[in-house]
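Shown below: run.json, with JSON, N, CA and C atoms.
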[["chain", "number", "residue", "atom", "x", "y", "z"],
["A", 1, "MET", "N", 0.84, -1.18, 0.00],
["A", 1, "MET", "CA", 0.00, 0.00, 0.00],
["A", 1, "MET", "C", 0.88, 1.23, 0.00],
["A", 2, "TYR", "N", 0.39, 2.27, -0.55],
["A", 2, "TYR", "CA", 1.11, 3.54, -0.62],
["A", 2, "TYR", "C", 0.46, 4.54, 0.33],
["A", 3, "PHE", "N", 1.26, 5.09, 1.24],
["A", 3, "PHE", "CA", 0.77, 6.12, 2.14],
["A", 3, "PHE", "C", 1.43, 7.43, 1.78],
["A", 4, "ARG", "N", 0.63, 8.43, 1.60],
["A", 4, "ARG", "CA", 1.14, 9.74, 1.23],
["A", 4, "ARG", "C", 1.64, 10.47, 2.47],
["A", 5, "LYS", "N", 2.84, 11.01, 2.37],
["A", 5, "LYS", "CA", 3.37, 11.77, 3.49],
["A", 5, "LYS", "C", 2.65, 13.10, 3.59],
["A", 6, "LYS", "N", 2.33, 13.50, 4.82],
["A", 6, "LYS", "CA", 1.70, 14.80, 5.03],
["A", 6, "LYS", "C", 2.76, 15.88, 4.94],
["A", 7, "ALA", "N", 2.43, 16.97, 4.32],
["A", 7, "ALA", "CA", 3.36, 18.09, 4.22],
["A", 7, "ALA", "C", 3.53, 18.72, 5.60],
["A", 8, "LEU", "N", 4.78, 18.96, 5.99],
["A", 8, "LEU", "CA", 5.04, 19.59, 7.29],
["A", 8, "LEU", "C", 4.79, 21.08, 7.19],
["A", 9, "GLU", "N", 4.13, 21.60, 8.19],
["A", 9, "GLU", "CA", 3.82, 23.03, 8.22],
["A", 9, "GLU", "C", 5.04, 23.81, 8.72],
["A", 10, "GLU", "N", 5.37, 24.89, 8.05],
["A", 10, "GLU", "CA", 6.48, 25.74, 8.46],
["A", 10, "GLU", "C", 6.14, 26.43, 9.77],
["A", 11, "LEU", "N", 7.05, 26.37, 10.72],
["A", 11, "LEU", "CA", 6.87, 27.05, 11.99],
["A", 11, "LEU", "C", 7.27, 28.52, 11.84],
["A", 12, "PRO", "N", 6.47, 29.44, 12.37],
["A", 12, "PRO", "CA", 6.86, 30.85, 12.27],
["A", 12, "PRO", "C", 8.13, 31.10, 13.09],
["A", 13, "GLN", "N", 9.06, 31.86, 12.52],
["A", 13, "GLN", "CA", 10.31, 32.14, 13.19],
["A", 13, "GLN", "C", 10.43, 33.63, 13.46],
["A", 14, "GLU", "N", 11.24, 33.96, 14.47],
["A", 14, "GLU", "CA", 11.45, 35.35, 14.84],
["A", 14, "GLU", "C", 12.88, 35.54, 15.33],
["A", 15, "ASP", "N", 13.34, 36.78, 15.30],
["A", 15, "ASP", "CA", 14.65, 37.13, 15.83],
["A", 15, "ASP", "C", 14.54, 37.11, 17.36],
["A", 16, "THR", "N", 15.31, 36.24, 18.02],
["A", 16, "THR", "CA", 15.18, 35.98, 19.45],
["A", 16, "THR", "C", 16.47, 36.32, 20.18],
["A", 17, "ALA", "N", 16.36, 36.96, 21.34],
["A", 17, "ALA", "CA", 17.53, 37.26, 22.17],
["A", 17, "ALA", "C", 17.96, 35.97, 22.87],
["A", 18, "ILE", "N", 19.26, 35.66, 22.77],
["A", 18, "ILE", "CA", 19.80, 34.45, 23.40],
["A", 18, "ILE", "C", 21.09, 34.79, 24.15],
["A", 19, "TRP", "N", 21.52, 33.85, 24.98],
["A", 19, "TRP", "CA", 22.82, 33.92, 25.65],
["A", 19, "TRP", "C", 23.67, 32.80, 25.06],
["A", 20, "SER", "N", 24.88, 33.12, 24.58],
["A", 20, "SER", "CA", 25.80, 32.15, 23.99],
["A", 20, "SER", "C", 27.05, 32.02, 24.85],
["A", 21, "CYS", "N", 27.56, 30.80, 24.96],
["A", 21, "CYS", "CA", 28.77, 30.55, 25.74],
["A", 21, "CYS", "C", 29.98, 31.17, 25.06],
["A", 22, "THR", "N", 30.89, 31.74, 25.86],
["A", 22, "THR", "CA", 32.08, 32.40, 25.32],
["A", 22, "THR", "C", 33.27, 31.44, 25.18],
["A", 23, "LYS", "N", 33.19, 30.26, 25.77],
["A", 23, "LYS", "CA", 34.30, 29.31, 25.72],
["A", 23, "LYS", "C", 34.39, 28.68, 24.32],
["A", 24, "GLU", "N", 35.60, 28.67, 23.78],
["A", 24, "GLU", "CA", 35.82, 28.11, 22.45],
["A", 24, "GLU", "C", 35.55, 26.60, 22.48],
["A", 25, "GLY", "N", 34.78, 26.14, 21.54],
["A", 25, "GLY", "CA", 34.45, 24.72, 21.46],
["A", 25, "GLY", "C", 33.16, 24.35, 22.15],
["A", 26, "CYS", "N", 32.64, 25.19, 23.02],
["A", 26, "CYS", "CA", 31.38, 24.92, 23.71],
["A", 26, "CYS", "C", 30.22, 25.46, 22.86],
["A", 27, "THR", "N", 29.18, 24.68, 22.71],
["A", 27, "THR", "CA", 28.05, 25.08, 21.88],
["A", 27, "THR", "C", 26.82, 25.45, 22.73],
["A", 28, "GLY", "N", 27.02, 25.70, 24.02],
["A", 28, "GLY", "CA", 25.90, 26.01, 24.91],
["A", 28, "GLY", "C", 25.27, 27.36, 24.62],
["A", 29, "TRP", "N", 23.93, 27.41, 24.62],
["A", 29, "TRP", "CA", 23.18, 28.65, 24.47],
["A", 29, "TRP", "C", 21.80, 28.45, 25.09],
["A", 30, "MET", "N", 21.12, 29.55, 25.39],
["A", 30, "MET", "CA", 19.75, 29.49, 25.91],
["A", 30, "MET", "C", 19.01, 30.77, 25.53],
["A", 31, "ARG", "N", 17.71, 30.66, 25.43],
["A", 31, "ARG", "CA", 16.87, 31.83, 25.15],
["A", 31, "ARG", "C", 16.89, 32.74, 26.38],
["A", 32, "ASP", "N", 16.92, 34.04, 26.14],
["A", 32, "ASP", "CA", 16.95, 35.00, 27.25],
["A", 32, "ASP", "C", 15.69, 34.91, 28.10],
["A", 33, "ASN", "N", 14.53, 34.71, 27.49],
["A", 33, "ASN", "CA", 13.30, 34.68, 28.28],
["A", 33, "ASN", "C", 13.11, 33.37, 29.05],
["A", 34, "PHE", "N", 14.03, 32.41, 28.91],
["A", 34, "PHE", "CA", 14.01, 31.19, 29.70],
["A", 34, "PHE", "C", 15.16, 31.13, 30.70],
["A", 35, "ALA", "N", 15.97, 32.19, 30.78],
["A", 35, "ALA", "CA", 17.10, 32.23, 31.70],
["A", 35, "ALA", "C", 16.63, 32.65, 33.09],
["A", 36, "PHE", "N", 17.23, 32.08, 34.14],
["A", 36, "PHE", "CA", 16.88, 32.41, 35.51],
["A", 36, "PHE", "C", 17.73, 33.55, 36.08],
["A", 37, "GLN", "N", 18.82, 33.91, 35.42],
["A", 37, "GLN", "CA", 19.71, 34.95, 35.91],
["A", 37, "GLN", "C", 19.80, 36.08, 34.89],
["A", 38, "TYR", "N", 20.14, 37.28, 35.36],
["A", 38, "TYR", "CA", 20.28, 38.42, 34.46],
["A", 38, "TYR", "C", 21.50, 38.26, 33.56],
["A", 39, "VAL", "N", 22.58, 37.66, 34.07],
["A", 39, "VAL", "CA", 23.77, 37.32, 33.27],
["A", 39, "VAL", "C", 24.10, 35.87, 33.62],
["A", 40, "PRO", "N", 23.56, 34.91, 32.86],
["A", 40, "PRO", "CA", 23.75, 33.50, 33.22],
["A", 40, "PRO", "C", 25.14, 32.98, 32.89],
["A", 41, "THR", "N", 25.48, 31.85, 33.49],
["A", 41, "THR", "CA", 26.70, 31.13, 33.14],
["A", 41, "THR", "C", 26.27, 29.90, 32.35],
["A", 42, "CYS", "N", 27.19, 29.39, 31.55],
["A", 42, "CYS", "CA", 26.89, 28.23, 30.69],
["A", 42, "CYS", "C", 26.53, 27.02, 31.54],
["A", 43, "TRP", "N", 25.47, 26.35, 31.19],
["A", 43, "TRP", "CA", 25.02, 25.18, 31.94],
["A", 43, "TRP", "C", 25.87, 23.96, 31.64],
["A", 44, "GLN", "N", 26.70, 24.02, 30.56],
["A", 44, "GLN", "CA", 27.54, 22.88, 30.22],
["A", 44, "GLN", "C", 28.93, 22.98, 30.83],
["A", 45, "CYS", "N", 29.52, 24.19, 30.80],
["A", 45, "CYS", "CA", 30.92, 24.32, 31.22],
["A", 45, "CYS", "C", 31.14, 25.42, 32.26],
["A", 46, "ASN", "N", 30.08, 26.09, 32.73],
["A", 46, "ASN", "CA", 30.13, 27.16, 33.73],
["A", 46, "ASN", "C", 30.97, 28.36, 33.31],
["A", 47, "SER", "N", 31.12, 28.60, 32.02],
["A", 47, "SER", "CA", 31.83, 29.78, 31.51],
["A", 47, "SER", "C", 30.85, 30.95, 31.40],
["A", 48, "PRO", "N", 31.37, 32.18, 31.32],
["A", 48, "PRO", "CA", 30.47, 33.33, 31.14],
["A", 48, "PRO", "C", 29.79, 33.28, 29.77],
["A", 49, "MET", "N", 28.65, 33.94, 29.67],
["A", 49, "MET", "CA", 27.90, 33.96, 28.43],
["A", 49, "MET", "C", 27.72, 35.40, 27.95],
["A", 50, "THR", "N", 27.55, 35.57, 26.64],
["A", 50, "THR", "CA", 27.30, 36.88, 26.05],
["A", 50, "THR", "C", 25.94, 36.86, 25.37],
["A", 51, "ARG", "N", 25.31, 38.02, 25.34],
["A", 51, "ARG", "CA", 23.99, 38.15, 24.74],
["A", 51, "ARG", "C", 24.12, 38.38, 23.24],
["A", 52, "SER", "N", 23.29, 37.71, 22.45],
["A", 52, "SER", "CA", 23.27, 37.89, 21.01],
["A", 52, "SER", "C", 21.86, 37.57, 20.50],
["A", 53, "MET", "N", 21.70, 37.58, 19.19],
["A", 53, "MET", "CA", 20.40, 37.32, 18.58],
["A", 53, "MET", "C", 20.51, 36.12, 17.65],
["A", 54, "LYS", "N", 19.40, 35.38, 17.52],
["A", 54, "LYS", "CA", 19.35, 34.20, 16.66],
["A", 54, "LYS", "C", 17.93, 34.05, 16.13],
["A", 55, "ILE", "N", 17.77, 33.61, 14.90],
["A", 55, "ILE", "CA", 16.44, 33.38, 14.35],
["A", 55, "ILE", "C", 16.01, 31.97, 14.73],
["A", 56, "LEU", "N", 14.96, 31.89, 15.54],
["A", 56, "LEU", "CA", 14.47, 30.63, 16.09],
["A", 56, "LEU", "C", 12.95, 30.55, 15.94],
["A", 57, "PRO", "N", 12.40, 29.32, 16.00],
["A", 57, "PRO", "CA", 10.93, 29.19, 16.00],
["A", 57, "PRO", "C", 10.34, 29.89, 17.23],
["A", 58, "MET", "N", 9.17, 30.46, 17.06],
["A", 58, "MET", "CA", 8.52, 31.19, 18.15],
["A", 58, "MET", "C", 8.10, 30.22, 19.25],
["A", 59, "LEU", "N", 8.37, 30.59, 20.50],
["A", 59, "LEU", "CA", 7.92, 29.87, 21.68],
["A", 59, "LEU", "C", 7.31, 30.88, 22.63],
["A", 60, "VAL", "N", 6.24, 30.49, 23.30],
["A", 60, "VAL", "CA", 5.60, 31.37, 24.27],
["A", 60, "VAL", "C", 5.97, 30.90, 25.67],
["A", 61, "ASN", "N", 6.53, 31.81, 26.46],
["A", 61, "ASN", "CA", 6.87, 31.53, 27.85],
["A", 61, "ASN", "C", 5.80, 32.18, 28.72],
["A", 62, "THR", "N", 5.00, 31.38, 29.39],
["A", 62, "THR", "CA", 3.91, 31.92, 30.19],
["A", 62, "THR", "C", 4.39, 32.56, 31.49],
["A", 63, "ASN", "N", 5.61, 32.23, 31.94],
["A", 63, "ASN", "CA", 6.19, 32.90, 33.10],
["A", 63, "ASN", "C", 6.88, 34.16, 32.61],
["A", 64, "ALA", "N", 6.24, 35.29, 32.80],
["A", 64, "ALA", "CA", 6.71, 36.55, 32.22],
["A", 64, "ALA", "C", 8.12, 36.92, 32.67],
["A", 65, "ASP", "N", 8.43, 36.76, 33.94],
["A", 65, "ASP", "CA", 9.75, 37.17, 34.42],
["A", 65, "ASP", "C", 10.41, 36.03, 35.18],
["A", 66, "MET", "N", 11.12, 35.17, 34.46],
["A", 66, "MET", "CA", 11.78, 34.01, 35.07],
["A", 66, "MET", "C", 12.88, 34.44, 36.02],
["A", 67, "LYS", "N", 13.51, 35.60, 35.75],
["A", 67, "LYS", "CA", 14.64, 36.04, 36.57],
["A", 67, "LYS", "C", 14.20, 36.50, 37.96],
["A", 68, "ALA", "N", 12.94, 36.89, 38.11],
["A", 68, "ALA", "CA", 12.44, 37.35, 39.40],
["A", 68, "ALA", "C", 11.94, 36.19, 40.27],
["A", 69, "MET", "N", 11.79, 35.01, 39.66],
["A", 69, "MET", "CA", 11.30, 33.86, 40.41],
["A", 69, "MET", "C", 12.36, 33.38, 41.39],
["A", 70, "LYS", "N", 11.92, 32.89, 42.53],
["A", 70, "LYS", "CA", 12.85, 32.36, 43.52],
["A", 70, "LYS", "C", 13.14, 30.92, 43.18],
["A", 71, "LYS", "N", 14.43, 30.57, 43.09],
["A", 71, "LYS", "CA", 14.83, 29.20, 42.81],
["A", 71, "LYS", "C", 15.06, 28.47, 44.12],
["A", 72, "GLY", "N", 14.83, 27.20, 44.13],
["A", 72, "GLY", "CA", 15.17, 26.36, 45.27],
["A", 72, "GLY", "C", 14.33, 26.64, 46.51],
["A", 73, "ILE", "N", 13.05, 26.87, 46.35],
["A", 73, "ILE", "CA", 12.17, 27.09, 47.50],
["A", 73, "ILE", "C", 12.02, 25.77, 48.26],
["A", 74, "SER", "N", 12.28, 25.79, 49.53],
["A", 74, "SER", "CA", 12.19, 24.57, 50.31],
["A", 74, "SER", "C", 10.74, 24.21, 50.59],
["A", 75, "ILE", "N", 10.44, 22.93, 50.54],
["A", 75, "ILE", "CA", 9.10, 22.44, 50.79],
["A", 75, "ILE", "C", 9.06, 21.92, 52.22],
["A", 76, "LYS", "N", 8.09, 22.39, 52.98],
["A", 76, "LYS", "CA", 7.98, 21.98, 54.39],
["A", 76, "LYS", "C", 6.80, 21.11, 54.60]]
Have the structure of the file written as structure tokens, please.
Amino acid sequence: MYFRKKALEELPQEDTAIWSCTKEGCTGWMRDNFAFQYVPTCWQCNSPMTRSMKILPMLVNTNADMKAMKKGISIK
């Protein structure tokens, strides 16, 4: 039997602010609106990161300000 492949829909893309690792050879990066710190460190090698732009598929982050959230809240 022959099954026809469905055409994949193009995802809308936008220019997105990201943080890129400064260490040579490290490919770590993250979206700015998903970062927990104002100036994050690389999650792979703990090196400093620089802010830049990249064209990526659109994602909606429902937590408006991730940097203001408290990390590591203890559960009692």
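Closest approach to A:Glu10 among A:Arg51, A:Gly28, A:Pro57, A:Thr41: A:Pro57, based on only C-alpha atoms.
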- Taking the backbone alone, and naming residues the way the document does, which bits of stretch 21-51 of chain A are strand (DSSP E or B) by DSSP, as a PyMOL selection string? chain A and resi 21+29-31+41+48-51
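Residues with at least one atom no more than 8 Å from (14.8, 32.6, 25.1), using only C-alpha atoms, are Thr16, Ala17, Ile18, Met30, Arg31, Asp32, Asn33, Phe34 and Ala35 of chain A.
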Just-selected residues, N, CA and C atoms written as a PDB file, keeping the file's coordinate frame:
ATOM      1  N   THR A  16      15.310  36.240  18.020  1.00  0.00           N
ATOM      2  CA  THR A  16      15.180  35.980  19.450  1.00  0.00           C
ATOM      3  C   THR A  16      16.470  36.320  20.180  1.00  0.00           C
ATOM      4  N   ALA A  17      16.360  36.960  21.340  1.00  0.00           N
ATOM      5  CA  ALA A  17      17.530  37.260  22.170  1.00  0.00           C
ATOM      6  C   ALA A  17      17.960  35.970  22.870  1.00  0.00           C
ATOM      7  N   ILE A  18      19.260  35.660  22.770  1.00  0.00           N
ATOM      8  CA  ILE A  18      19.800  34.450  23.400  1.00  0.00           C
ATOM      9  C   ILE A  18      21.090  34.790  24.150  1.00  0.00           C
ATOM     10  N   MET A  30      21.120  29.550  25.390  1.00  0.00           N
ATOM     11  CA  MET A  30      19.750  29.490  25.910  1.00  0.00           C
ATOM     12  C   MET A  30      19.010  30.770  25.530  1.00  0.00           C
ATOM     13  N   ARG A  31      17.710  30.660  25.430  1.00  0.00           N
ATOM     14  CA  ARG A  31      16.870  31.830  25.150  1.00  0.00           C
ATOM     15  C   ARG A  31      16.890  32.740  26.380  1.00  0.00           C
ATOM     16  N   ASP A  32      16.920  34.040  26.140  1.00  0.00           N
ATOM     17  CA  ASP A  32      16.950  35.000  27.250  1.00  0.00           C
ATOM     18  C   ASP A  32      15.690  34.910  28.100  1.00  0.00           C
ATOM     19  N   ASN A  33      14.530  34.710  27.490  1.00  0.00           N
ATOM     20  CA  ASN A  33      13.300  34.680  28.280  1.00  0.00           C
ATOM     21  C   ASN A  33      13.110  33.370  29.050  1.00  0.00           C
ATOM     22  N   PHE A  34      14.030  32.410  28.910  1.00  0.00           N
ATOM     23  CA  PHE A  34      14.010  31.190  29.700  1.00  0.00           C
ATOM     24  C   PHE A  34      15.160  31.130  30.700  1.00  0.00           C
ATOM     25  N   ALA A  35      15.970  32.190  30.780  1.00  0.00           N
ATOM     26  CA  ALA A  35      17.100  32.230  31.700  1.00  0.00           C
ATOM     27  C   ALA A  35      16.630  32.650  33.090  1.00  0.00           C
TER      28      ALA A  35
END
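Taking atom CA of A:Met49 as the reference point, atom N of A:Glu14 is found at 21.7 Å.
Taking only C-alpha atoms into account, A:Pro48 lies nearest to A:Cys21 out of the set A:Val60, A:Cys21, A:Cys26, A:Leu11.
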- Message: Between atom CA of A:Asn63 and atom C of A:Gln44, what is the distance in Å, rounded to a tenth?
- Response: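 Interatomic distance here is 24.9 Å.
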- What is the atom N of A:Gly25-atom CA of A:Leu56 distance in Å, reported with one decimal?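 Rounded to one decimal, the two atoms are 21.5 Å apart.
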